[in-house]
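Student: Following this line is run_2.cif, made up of mmCIF, N, CA and C atoms:
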data_query
loop_
_atom_site.label_atom_id
_atom_site.label_comp_id
_atom_site.auth_asym_id
_atom_site.auth_seq_id
_atom_site.Cartn_x
_atom_site.Cartn_y
_atom_site.Cartn_z
N MET P 61 19.49 55.77 -51.38
CA MET P 61 20.50 55.71 -50.36
C MET P 61 20.18 56.65 -49.20
N ALA P 62 19.59 57.81 -49.47
CA ALA P 62 19.30 58.76 -48.40
C ALA P 62 18.33 58.16 -47.39
N GLU P 63 17.35 57.40 -47.84
CA GLU P 63 16.40 56.79 -46.91
C GLU P 63 17.07 55.77 -46.01
N GLU P 64 18.06 55.03 -46.54
CA GLU P 64 18.80 54.08 -45.72
C GLU P 64 19.60 54.82 -44.65
N PHE P 65 20.10 55.98 -45.00
CA PHE P 65 20.89 56.78 -44.08
C PHE P 65 20.02 57.32 -42.95
N ILE P 66 18.78 57.69 -43.27
CA ILE P 66 17.88 58.24 -42.26
C ILE P 66 17.53 57.18 -41.23
N GLY P 67 17.17 56.00 -41.67
CA GLY P 67 16.93 54.90 -40.75
C GLY P 67 15.52 54.84 -40.23
N ARG P 68 15.39 54.09 -39.14
CA ARG P 68 14.10 53.82 -38.52
C ARG P 68 14.32 53.72 -37.02
N GLY P 69 13.38 54.22 -36.24
CA GLY P 69 13.55 54.17 -34.79
C GLY P 69 12.23 54.17 -34.06
N TRP P 70 12.30 54.09 -32.74
CA TRP P 70 11.11 54.10 -31.91
C TRP P 70 10.41 55.45 -32.01
N ALA P 71 9.10 55.41 -32.00
CA ALA P 71 8.31 56.64 -31.97
C ALA P 71 8.49 57.30 -30.61
N PHE P 72 8.41 58.61 -30.59
CA PHE P 72 8.51 59.33 -29.34
C PHE P 72 7.32 60.24 -29.20
N PRO P 73 6.59 60.22 -28.11
CA PRO P 73 6.84 59.37 -26.96
C PRO P 73 6.60 57.90 -27.30
N VAL P 74 7.25 57.03 -26.53
CA VAL P 74 7.15 55.59 -26.77
C VAL P 74 5.70 55.17 -26.62
N ARG P 75 5.22 54.41 -27.58
CA ARG P 75 3.84 53.93 -27.57
C ARG P 75 3.78 52.61 -28.33
N THR P 76 2.63 51.99 -28.31
CA THR P 76 2.46 50.74 -29.04
C THR P 76 1.73 51.01 -30.35
N ASP P 77 1.93 50.10 -31.30
CA ASP P 77 1.22 50.21 -32.56
C ASP P 77 -0.03 49.34 -32.50
N ALA P 78 -0.73 49.18 -33.62
CA ALA P 78 -1.98 48.42 -33.67
C ALA P 78 -1.79 46.95 -33.34
N THR P 79 -0.60 46.42 -33.53
CA THR P 79 -0.36 45.00 -33.26
C THR P 79 0.14 44.76 -31.84
N GLY P 80 0.33 45.81 -31.07
CA GLY P 80 0.82 45.66 -29.70
C GLY P 80 2.33 45.79 -29.57
N GLY P 81 3.02 45.94 -30.70
CA GLY P 81 4.47 46.13 -30.68
C GLY P 81 4.82 47.59 -30.46
N ILE P 82 6.09 47.87 -30.34
CA ILE P 82 6.54 49.25 -30.17
C ILE P 82 6.37 49.98 -31.49
N ALA P 83 5.73 51.15 -31.45
CA ALA P 83 5.51 51.95 -32.66
C ALA P 83 6.84 52.46 -33.17
N MET P 84 7.03 52.36 -34.46
CA MET P 84 8.27 52.79 -35.11
C MET P 84 7.96 53.96 -36.04
N VAL P 85 8.97 54.80 -36.26
CA VAL P 85 8.87 55.88 -37.24
C VAL P 85 10.07 55.77 -38.18
N GLU P 86 9.91 56.30 -39.37
CA GLU P 86 11.01 56.24 -40.34
C GLU P 86 10.97 57.46 -41.25
N ARG P 87 12.00 57.58 -42.01
CA ARG P 87 12.18 58.67 -42.97
C ARG P 87 12.14 60.03 -42.29
N ILE P 88 11.39 60.96 -42.86
CA ILE P 88 11.37 62.35 -42.37
C ILE P 88 10.85 62.42 -40.94
N ARG P 89 9.86 61.63 -40.61
CA ARG P 89 9.29 61.64 -39.26
C ARG P 89 10.35 61.27 -38.22
N GLU P 90 11.24 60.36 -38.55
CA GLU P 90 12.32 59.96 -37.65
C GLU P 90 13.23 61.15 -37.33
N ILE P 91 13.57 61.92 -38.35
CA ILE P 91 14.44 63.09 -38.15
C ILE P 91 13.71 64.16 -37.35
N GLU P 92 12.45 64.43 -37.65
CA GLU P 92 11.69 65.44 -36.91
C GLU P 92 11.59 65.08 -35.43
N GLU P 93 11.33 63.82 -35.13
CA GLU P 93 11.23 63.41 -33.74
C GLU P 93 12.60 63.50 -33.05
N ALA P 94 13.66 63.19 -33.77
CA ALA P 94 15.00 63.30 -33.19
C ALA P 94 15.33 64.76 -32.86
N ILE P 95 14.97 65.68 -33.75
CA ILE P 95 15.21 67.11 -33.49
C ILE P 95 14.43 67.56 -32.26
N ARG P 96 13.15 67.19 -32.19
CA ARG P 96 12.34 67.56 -31.01
C ARG P 96 12.92 66.97 -29.73
N LEU P 97 13.41 65.75 -29.82
CA LEU P 97 13.99 65.09 -28.65
C LEU P 97 15.25 65.81 -28.19
N ILE P 98 16.09 66.21 -29.12
CA ILE P 98 17.32 66.94 -28.78
C ILE P 98 16.97 68.28 -28.13
N LEU P 99 16.05 69.03 -28.74
CA LEU P 99 15.70 70.35 -28.21
C LEU P 99 14.94 70.26 -26.89
N GLY P 100 14.19 69.20 -26.68
CA GLY P 100 13.40 69.05 -25.47
C GLY P 100 14.14 68.44 -24.30
N THR P 101 15.39 68.04 -24.50
CA THR P 101 16.18 67.42 -23.44
C THR P 101 17.24 68.41 -22.95
N ALA P 102 17.26 68.62 -21.65
CA ALA P 102 18.27 69.51 -21.06
C ALA P 102 19.54 68.70 -20.79
N PRO P 103 20.72 69.28 -21.05
CA PRO P 103 21.96 68.58 -20.69
C PRO P 103 21.95 68.20 -19.21
N GLY P 104 22.37 66.96 -18.93
CA GLY P 104 22.37 66.46 -17.57
C GLY P 104 21.11 65.68 -17.23
N GLU P 105 20.11 65.73 -18.08
CA GLU P 105 18.85 65.05 -17.82
C GLU P 105 18.97 63.53 -17.97
N ARG P 106 19.86 63.09 -18.83
CA ARG P 106 20.06 61.65 -19.05
C ARG P 106 21.31 61.20 -18.31
N PRO P 107 21.15 60.37 -17.29
CA PRO P 107 22.31 59.97 -16.48
C PRO P 107 23.41 59.26 -17.27
N MET P 108 23.05 58.46 -18.24
CA MET P 108 24.06 57.70 -18.98
C MET P 108 24.68 58.50 -20.14
N ARG P 109 24.11 59.64 -20.44
CA ARG P 109 24.65 60.51 -21.49
C ARG P 109 24.41 61.96 -21.07
N PRO P 110 25.14 62.45 -20.07
CA PRO P 110 24.85 63.76 -19.49
C PRO P 110 25.07 64.94 -20.43
N GLU P 111 25.85 64.78 -21.49
CA GLU P 111 26.09 65.89 -22.41
C GLU P 111 24.97 66.05 -23.43
N PHE P 112 24.11 65.01 -23.58
CA PHE P 112 23.07 65.02 -24.61
C PHE P 112 22.02 66.09 -24.31
N GLY P 113 21.55 66.76 -25.35
CA GLY P 113 20.47 67.72 -25.22
C GLY P 113 20.87 69.09 -25.71
N CYS P 114 20.02 70.05 -25.38
CA CYS P 114 20.20 71.43 -25.82
C CYS P 114 20.05 72.35 -24.60
N ALA P 115 20.95 73.29 -24.45
CA ALA P 115 20.99 74.16 -23.27
C ALA P 115 20.01 75.32 -23.34
N ILE P 116 18.98 75.24 -24.16
CA ILE P 116 17.98 76.32 -24.19
C ILE P 116 17.22 76.40 -22.88
N HIS P 117 17.19 75.32 -22.13
CA HIS P 117 16.44 75.30 -20.88
C HIS P 117 17.06 76.21 -19.83
N ASP P 118 18.29 76.60 -20.02
CA ASP P 118 18.93 77.57 -19.13
C ASP P 118 18.30 78.96 -19.29
N GLN P 119 17.54 79.17 -20.34
CA GLN P 119 16.96 80.48 -20.63
C GLN P 119 15.50 80.61 -20.19
N VAL P 120 14.97 79.60 -19.52
CA VAL P 120 13.53 79.58 -19.22
C VAL P 120 13.09 80.77 -18.35
N PHE P 121 13.97 81.32 -17.51
CA PHE P 121 13.64 82.48 -16.69
C PHE P 121 14.26 83.77 -17.21
N ALA P 122 14.81 83.73 -18.41
CA ALA P 122 15.46 84.90 -18.99
C ALA P 122 14.42 85.89 -19.51
N PRO P 123 14.80 87.17 -19.63
CA PRO P 123 13.87 88.14 -20.21
C PRO P 123 13.65 87.84 -21.69
N MET P 124 12.50 88.21 -22.18
CA MET P 124 12.20 87.98 -23.59
C MET P 124 12.75 89.16 -24.39
N ASP P 125 14.01 89.01 -24.84
CA ASP P 125 14.66 90.07 -25.59
C ASP P 125 15.60 89.47 -26.63
N ALA P 126 16.28 90.34 -27.36
CA ALA P 126 17.16 89.89 -28.45
C ALA P 126 18.34 89.08 -27.92
N THR P 127 18.82 89.39 -26.73
CA THR P 127 19.94 88.65 -26.17
C THR P 127 19.55 87.20 -25.91
N THR P 128 18.39 87.02 -25.32
CA THR P 128 17.89 85.66 -25.06
C THR P 128 17.68 84.92 -26.38
N ALA P 129 17.11 85.59 -27.36
CA ALA P 129 16.89 84.98 -28.68
C ALA P 129 18.22 84.54 -29.29
N GLY P 130 19.24 85.36 -29.15
CA GLY P 130 20.56 85.02 -29.68
C GLY P 130 21.16 83.82 -28.97
N HIS P 131 21.02 83.76 -27.64
CA HIS P 131 21.53 82.60 -26.88
C HIS P 131 20.81 81.33 -27.31
N ILE P 132 19.50 81.41 -27.48
CA ILE P 132 18.72 80.24 -27.88
C ILE P 132 19.13 79.77 -29.26
N ALA P 133 19.26 80.69 -30.21
CA ALA P 133 19.66 80.31 -31.57
C ALA P 133 21.03 79.63 -31.56
N TYR P 134 21.96 80.17 -30.77
CA TYR P 134 23.30 79.58 -30.68
C TYR P 134 23.24 78.17 -30.10
N GLU P 135 22.50 77.98 -29.01
CA GLU P 135 22.43 76.67 -28.37
C GLU P 135 21.73 75.64 -29.25
N VAL P 136 20.71 76.05 -29.98
CA VAL P 136 20.02 75.13 -30.90
C VAL P 136 20.99 74.69 -31.99
N ARG P 137 21.67 75.64 -32.59
CA ARG P 137 22.64 75.32 -33.65
C ARG P 137 23.73 74.38 -33.12
N ARG P 138 24.25 74.68 -31.96
CA ARG P 138 25.32 73.87 -31.38
C ARG P 138 24.85 72.44 -31.10
N ALA P 139 23.66 72.29 -30.53
CA ALA P 139 23.15 70.97 -30.19
C ALA P 139 22.85 70.14 -31.44
N LEU P 140 22.20 70.75 -32.43
CA LEU P 140 21.84 69.99 -33.62
C LEU P 140 23.06 69.61 -34.44
N GLU P 141 24.05 70.48 -34.51
CA GLU P 141 25.27 70.13 -35.24
C GLU P 141 26.01 68.99 -34.55
N ARG P 142 25.89 68.90 -33.25
CA ARG P 142 26.58 67.81 -32.53
C ARG P 142 25.79 66.51 -32.55
N TRP P 143 24.47 66.57 -32.33
CA TRP P 143 23.70 65.36 -32.08
C TRP P 143 22.87 64.84 -33.25
N GLU P 144 22.73 65.59 -34.32
CA GLU P 144 21.93 65.11 -35.45
C GLU P 144 22.74 65.17 -36.74
N PRO P 145 23.52 64.11 -37.04
CA PRO P 145 24.39 64.12 -38.21
C PRO P 145 23.65 63.90 -39.53
N ARG P 146 22.37 63.56 -39.49
CA ARG P 146 21.62 63.29 -40.73
C ARG P 146 21.10 64.54 -41.40
N ILE P 147 21.35 65.71 -40.79
CA ILE P 147 20.87 66.96 -41.39
C ILE P 147 22.02 67.92 -41.62
N ASP P 148 21.83 68.81 -42.59
CA ASP P 148 22.72 69.96 -42.79
C ASP P 148 21.92 71.18 -42.37
N LEU P 149 22.30 71.77 -41.26
CA LEU P 149 21.56 72.90 -40.70
C LEU P 149 21.77 74.12 -41.57
N GLU P 150 20.68 74.69 -42.05
CA GLU P 150 20.74 75.89 -42.88
C GLU P 150 20.65 77.15 -42.03
N ASP P 151 19.66 77.20 -41.12
CA ASP P 151 19.44 78.42 -40.35
C ASP P 151 18.60 78.09 -39.12
N VAL P 152 18.72 78.91 -38.09
CA VAL P 152 17.86 78.85 -36.92
C VAL P 152 17.32 80.26 -36.73
N VAL P 153 16.01 80.40 -36.88
CA VAL P 153 15.36 81.71 -36.75
C VAL P 153 14.52 81.69 -35.48
N VAL P 154 14.76 82.66 -34.61
CA VAL P 154 14.04 82.75 -33.34
C VAL P 154 13.11 83.95 -33.40
N THR P 155 11.82 83.70 -33.14
CA THR P 155 10.80 84.75 -33.16
C THR P 155 10.20 84.89 -31.78
N LEU P 156 10.18 86.12 -31.27
CA LEU P 156 9.63 86.38 -29.94
C LEU P 156 8.13 86.66 -30.05
N ALA P 157 7.35 86.06 -29.15
CA ALA P 157 5.91 86.31 -29.07
C ALA P 157 5.57 86.61 -27.61
N PRO P 158 5.84 87.86 -27.16
CA PRO P 158 5.67 88.20 -25.74
C PRO P 158 4.24 88.01 -25.22
N ALA P 159 3.25 88.27 -26.04
CA ALA P 159 1.86 88.13 -25.59
C ALA P 159 1.54 86.70 -25.19
N GLU P 160 2.24 85.76 -25.79
CA GLU P 160 1.99 84.34 -25.51
C GLU P 160 3.06 83.75 -24.58
N ALA P 161 4.04 84.54 -24.16
CA ALA P 161 5.18 84.07 -23.36
C ALA P 161 5.88 82.92 -24.07
N THR P 162 5.96 83.02 -25.40
CA THR P 162 6.52 81.95 -26.21
C THR P 162 7.61 82.48 -27.12
N ILE P 163 8.61 81.66 -27.32
CA ILE P 163 9.63 81.93 -28.33
C ILE P 163 9.52 80.80 -29.34
N TRP P 164 9.32 81.16 -30.60
CA TRP P 164 9.21 80.17 -31.68
C TRP P 164 10.58 79.97 -32.30
N ILE P 165 11.04 78.73 -32.30
CA ILE P 165 12.34 78.39 -32.86
C ILE P 165 12.11 77.67 -34.18
N ASP P 166 12.48 78.31 -35.27
CA ASP P 166 12.30 77.75 -36.62
C ASP P 166 13.64 77.16 -37.08
N VAL P 167 13.71 75.84 -37.13
CA VAL P 167 14.92 75.15 -37.54
C VAL P 167 14.79 74.83 -39.03
N ARG P 168 15.67 75.39 -39.84
CA ARG P 168 15.66 75.15 -41.29
C ARG P 168 16.86 74.29 -41.65
N TYR P 169 16.60 73.18 -42.33
CA TYR P 169 17.66 72.22 -42.59
C TYR P 169 17.43 71.48 -43.90
N LEU P 170 18.49 70.82 -44.35
CA LEU P 170 18.43 69.90 -45.49
C LEU P 170 18.75 68.52 -44.95
N ILE P 171 18.11 67.52 -45.52
CA ILE P 171 18.48 66.15 -45.19
C ILE P 171 19.79 65.88 -45.91
N SER P 172 20.79 65.40 -45.18
CA SER P 172 22.11 65.16 -45.76
C SER P 172 22.02 64.28 -47.00
N GLY P 173 22.76 64.65 -48.03
CA GLY P 173 22.80 63.88 -49.26
C GLY P 173 21.63 64.13 -50.18
N THR P 174 20.76 65.07 -49.82
CA THR P 174 19.61 65.40 -50.68
C THR P 174 19.54 66.91 -50.84
N ASN P 175 18.68 67.33 -51.71
CA ASN P 175 18.40 68.76 -51.85
C ASN P 175 16.94 68.95 -51.44
N ASP P 176 16.61 68.47 -50.25
CA ASP P 176 15.24 68.47 -49.74
C ASP P 176 15.15 69.41 -48.55
N PRO P 177 14.83 70.70 -48.80
CA PRO P 177 14.77 71.65 -47.69
C PRO P 177 13.56 71.36 -46.79
N ARG P 178 13.79 71.45 -45.50
CA ARG P 178 12.76 71.19 -44.50
C ARG P 178 12.84 72.26 -43.42
N ASN P 179 11.76 72.37 -42.64
CA ASN P 179 11.82 73.20 -41.44
C ASN P 179 10.96 72.58 -40.36
N LEU P 180 11.28 72.90 -39.14
CA LEU P 180 10.54 72.43 -37.98
C LEU P 180 10.45 73.59 -37.02
N VAL P 181 9.25 73.88 -36.54
CA VAL P 181 9.05 74.98 -35.60
C VAL P 181 8.84 74.38 -34.22
N PHE P 182 9.66 74.81 -33.29
CA PHE P 182 9.64 74.28 -31.92
C PHE P 182 9.27 75.41 -30.97
N PRO P 183 8.19 75.26 -30.19
CA PRO P 183 7.84 76.32 -29.23
C PRO P 183 8.65 76.20 -27.95
N PHE P 184 9.09 77.33 -27.43
CA PHE P 184 9.82 77.37 -26.17
C PHE P 184 9.14 78.40 -25.29
N TYR P 185 8.77 78.01 -24.08
CA TYR P 185 7.98 78.87 -23.21
C TYR P 185 8.85 79.45 -22.10
N LEU P 186 8.68 80.76 -21.88
CA LEU P 186 9.40 81.43 -20.81
C LEU P 186 8.51 81.56 -19.58
N ILE P 187 9.14 81.61 -18.42
CA ILE P 187 8.44 81.77 -17.15
C ILE P 187 9.04 82.99 -16.46
N GLY P 188 8.19 83.78 -15.83
CA GLY P 188 8.70 84.91 -15.07
C GLY P 188 7.96 86.18 -15.42
N GLU P 189 8.38 87.27 -14.79
CA GLU P 189 7.71 88.55 -14.97
C GLU P 189 7.78 89.03 -16.41
N GLU P 190 8.93 88.81 -17.06
CA GLU P 190 9.08 89.23 -18.44
C GLU P 190 8.08 88.51 -19.35
N ALA P 191 7.82 87.24 -19.05
CA ALA P 191 6.94 86.45 -19.89
C ALA P 191 5.48 86.73 -19.63
N THR P 192 5.11 86.95 -18.37
CA THR P 192 3.70 87.13 -18.05
C THR P 192 3.22 88.55 -18.27
N GLY P 193 4.11 89.50 -18.31
CA GLY P 193 3.74 90.88 -18.57
C GLY P 193 3.28 91.61 -17.32
N PRO P 194 3.00 92.91 -17.44
CA PRO P 194 2.68 93.72 -16.27
C PRO P 194 1.31 93.42 -15.68
N GLY P 195 0.39 92.83 -16.44
CA GLY P 195 -0.95 92.59 -15.93
C GLY P 195 -1.12 91.26 -15.23
N ALA P 196 -0.04 90.62 -14.87
CA ALA P 196 -0.12 89.30 -14.24
C ALA P 196 -0.68 89.43 -12.83
N PRO P 197 -1.45 88.45 -12.39
CA PRO P 197 -2.01 88.52 -11.02
C PRO P 197 -0.90 88.41 -9.99
N GLU P 198 -1.11 89.07 -8.85
CA GLU P 198 -0.12 89.00 -7.79
C GLU P 198 -0.27 87.67 -7.06
N LEU P 199 0.84 87.18 -6.56
CA LEU P 199 0.82 85.93 -5.81
C LEU P 199 0.27 86.16 -4.42
N LEU P 200 -0.48 85.19 -3.92
CA LEU P 200 -1.00 85.28 -2.55
C LEU P 200 0.12 84.90 -1.59
N PRO P 201 0.14 85.49 -0.41
CA PRO P 201 1.19 85.14 0.55
C PRO P 201 1.00 83.69 0.99
N ALA P 202 2.11 83.06 1.31
CA ALA P 202 2.06 81.68 1.77
C ALA P 202 1.42 81.62 3.14
N THR P 203 0.60 80.62 3.37
CA THR P 203 -0.02 80.48 4.67
C THR P 203 0.87 79.64 5.57
N THR P 204 0.85 79.98 6.85
CA THR P 204 1.64 79.22 7.80
C THR P 204 0.71 78.72 8.90
N ALA P 205 1.08 77.64 9.53
CA ALA P 205 0.29 77.10 10.63
C ALA P 205 0.46 78.00 11.83
N PRO P 206 -0.60 78.19 12.63
CA PRO P 206 -0.47 79.00 13.84
C PRO P 206 0.56 78.40 14.79
N GLU P 207 1.16 79.25 15.59
CA GLU P 207 2.18 78.78 16.52
C GLU P 207 1.60 77.76 17.47
N GLY P 208 2.41 76.79 17.81
CA GLY P 208 2.01 75.75 18.76
C GLY P 208 1.27 74.60 18.11
N GLN P 209 1.09 74.60 16.83
CA GLN P 209 0.39 73.49 16.18
C GLN P 209 1.29 72.74 15.27
#
Could you write out this file's structure as structure tokens?
Tutor:
Amino acid sequence: MAEEFIGRGWAFPVRTDATGGIAMVERIREIEEAIRLILGTAPGERPMRPEFGCAIHDQVFAPMDATTAGHIAYEVRRALERWEPRIDLEDVVVTLAPAEATIWIDVRYLISGTNDPRNLVFPFYLIGEEATGPGAPELLPATTAPEGQ
């Protein structure tokens, strides 16, 4: 029964299979792709469903610190509890990796109706001075056209 509940859907990104039809995914792969899709979509990105997605993208210019990690963990939990009913979310662990300007989001969950623990690690990249560190190259000044041209 659990496999019927999980279902089957289009592969993401959309692609064709060996027969030229739309590639499909099912079972665990379907849930993993759905989680990645939820986390990778910013609210407002889909015109016909503006609430869909996860608000972690609001943190892309935030400093790499415990506050940002807490906001990200909260938004991931909130989005997955709303948009992915096929899982029971156990935990969201956020690990900071400043040298790589990356935040690793470890989503730990059970497939609903089973005792099958799973996890998915999603990388989230920060942009800005906090992410690049003190040794980042300085930006060159913008060039402008000479007057009269």
Student: Which residue gives the smallest distance to Glu160 (chain P) among P:Leu180, P:Ala102, P:Ile82, P:Leu186, with only N, CA and C atoms counted?
Tutor: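 Using only N, CA and C atoms, Glu160 (chain P) sits closest to P:Leu186.
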Student: List the spatial neighbours of region 142-148 of chain P as a compact mmCIF listing (two decimals) with N, CA and C atoms, in the frame of the given file - criterion: any atom at most 9 Å away, only C-alpha atoms, same-chain residues fewer than 6 positions off excluded.
Tutor:
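New file result_9.txt:
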# COMPACT_ATOMS: atom_id res chain seq x y z
N PHE P 65 20.10 55.98 -45.00
CA PHE P 65 20.89 56.78 -44.08
C PHE P 65 20.02 57.32 -42.95
N ILE P 66 18.78 57.69 -43.27
CA ILE P 66 17.88 58.24 -42.26
C ILE P 66 17.53 57.18 -41.23
N ILE P 91 13.57 61.92 -38.35
CA ILE P 91 14.44 63.09 -38.15
C ILE P 91 13.71 64.16 -37.35
N ALA P 94 13.66 63.19 -33.77
CA ALA P 94 15.00 63.30 -33.19
C ALA P 94 15.33 64.76 -32.86
N ILE P 95 14.97 65.68 -33.75
CA ILE P 95 15.21 67.11 -33.49
C ILE P 95 14.43 67.56 -32.26
N ILE P 98 16.09 66.21 -29.12
CA ILE P 98 17.32 66.94 -28.78
C ILE P 98 16.97 68.28 -28.13
N PHE P 112 24.11 65.01 -23.58
CA PHE P 112 23.07 65.02 -24.61
C PHE P 112 22.02 66.09 -24.31
N GLY P 113 21.55 66.76 -25.35
CA GLY P 113 20.47 67.72 -25.22
C GLY P 113 20.87 69.09 -25.71
N ARG P 168 15.67 75.39 -39.84
CA ARG P 168 15.66 75.15 -41.29
C ARG P 168 16.86 74.29 -41.65
N TYR P 169 16.60 73.18 -42.33
CA TYR P 169 17.66 72.22 -42.59
C TYR P 169 17.43 71.48 -43.90
N LEU P 170 18.49 70.82 -44.35
CA LEU P 170 18.43 69.90 -45.49
C LEU P 170 18.75 68.52 -44.95
N ILE P 171 18.11 67.52 -45.52
CA ILE P 171 18.48 66.15 -45.19
C ILE P 171 19.79 65.88 -45.91
N SER P 172 20.79 65.40 -45.18
CA SER P 172 22.11 65.16 -45.76
C SER P 172 22.02 64.28 -47.00
N GLY P 173 22.76 64.65 -48.03
CA GLY P 173 22.80 63.88 -49.26
C GLY P 173 21.63 64.13 -50.18
Student: Can you measure CA of Glu150 (chain P) to CA of Arg137 (chain P) for me? One decimal in Å is fine.
Tutor: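 Those two atoms sit 9.4 Å apart.
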Student: List the residues matched by the PyMOL selection byres ((chain P and resi 115) around 6) in the displayed structure as a PDB file with N, CA and C atoms, keeping the file's coordinate frame, ordered by chain and then by residue number.
Tutor:
ATOM      1  N   ALA P 102      17.260  68.620 -21.650  1.00  0.00           N
ATOM      2  CA  ALA P 102      18.270  69.510 -21.060  1.00  0.00           C
ATOM      3  C   ALA P 102      19.540  68.700 -20.790  1.00  0.00           C
ATOM      4  N   PRO P 103      20.720  69.280 -21.050  1.00  0.00           N
ATOM      5  CA  PRO P 103      21.960  68.580 -20.690  1.00  0.00           C
ATOM      6  C   PRO P 103      21.950  68.200 -19.210  1.00  0.00           C
ATOM      7  N   GLY P 113      21.550  66.760 -25.350  1.00  0.00           N
ATOM      8  CA  GLY P 113      20.470  67.720 -25.220  1.00  0.00           C
ATOM      9  C   GLY P 113      20.870  69.090 -25.710  1.00  0.00           C
ATOM     10  N   CYS P 114      20.020  70.050 -25.380  1.00  0.00           N
ATOM     11  CA  CYS P 114      20.200  71.430 -25.820  1.00  0.00           C
ATOM     12  C   CYS P 114      20.050  72.350 -24.600  1.00  0.00           C
ATOM     13  N   ILE P 116      18.980  75.240 -24.160  1.00  0.00           N
ATOM     14  CA  ILE P 116      17.980  76.320 -24.190  1.00  0.00           C
ATOM     15  C   ILE P 116      17.220  76.400 -22.880  1.00  0.00           C
ATOM     16  N   HIS P 117      17.190  75.320 -22.130  1.00  0.00           N
ATOM     17  CA  HIS P 117      16.440  75.300 -20.880  1.00  0.00           C
ATOM     18  C   HIS P 117      17.060  76.210 -19.830  1.00  0.00           C
ATOM     19  N   ASP P 118      18.290  76.600 -20.020  1.00  0.00           N
ATOM     20  CA  ASP P 118      18.930  77.570 -19.130  1.00  0.00           C
ATOM     21  C   ASP P 118      18.300  78.960 -19.290  1.00  0.00           C
ATOM     22  N   GLN P 119      17.540  79.170 -20.340  1.00  0.00           N
ATOM     23  CA  GLN P 119      16.960  80.480 -20.630  1.00  0.00           C
ATOM     24  C   GLN P 119      15.500  80.610 -20.190  1.00  0.00           C
ATOM     25  N   GLU P 135      22.500  77.980 -29.010  1.00  0.00           N
ATOM     26  CA  GLU P 135      22.430  76.670 -28.370  1.00  0.00           C
ATOM     27  C   GLU P 135      21.730  75.640 -29.250  1.00  0.00           C
TER      28      GLU P 135
END
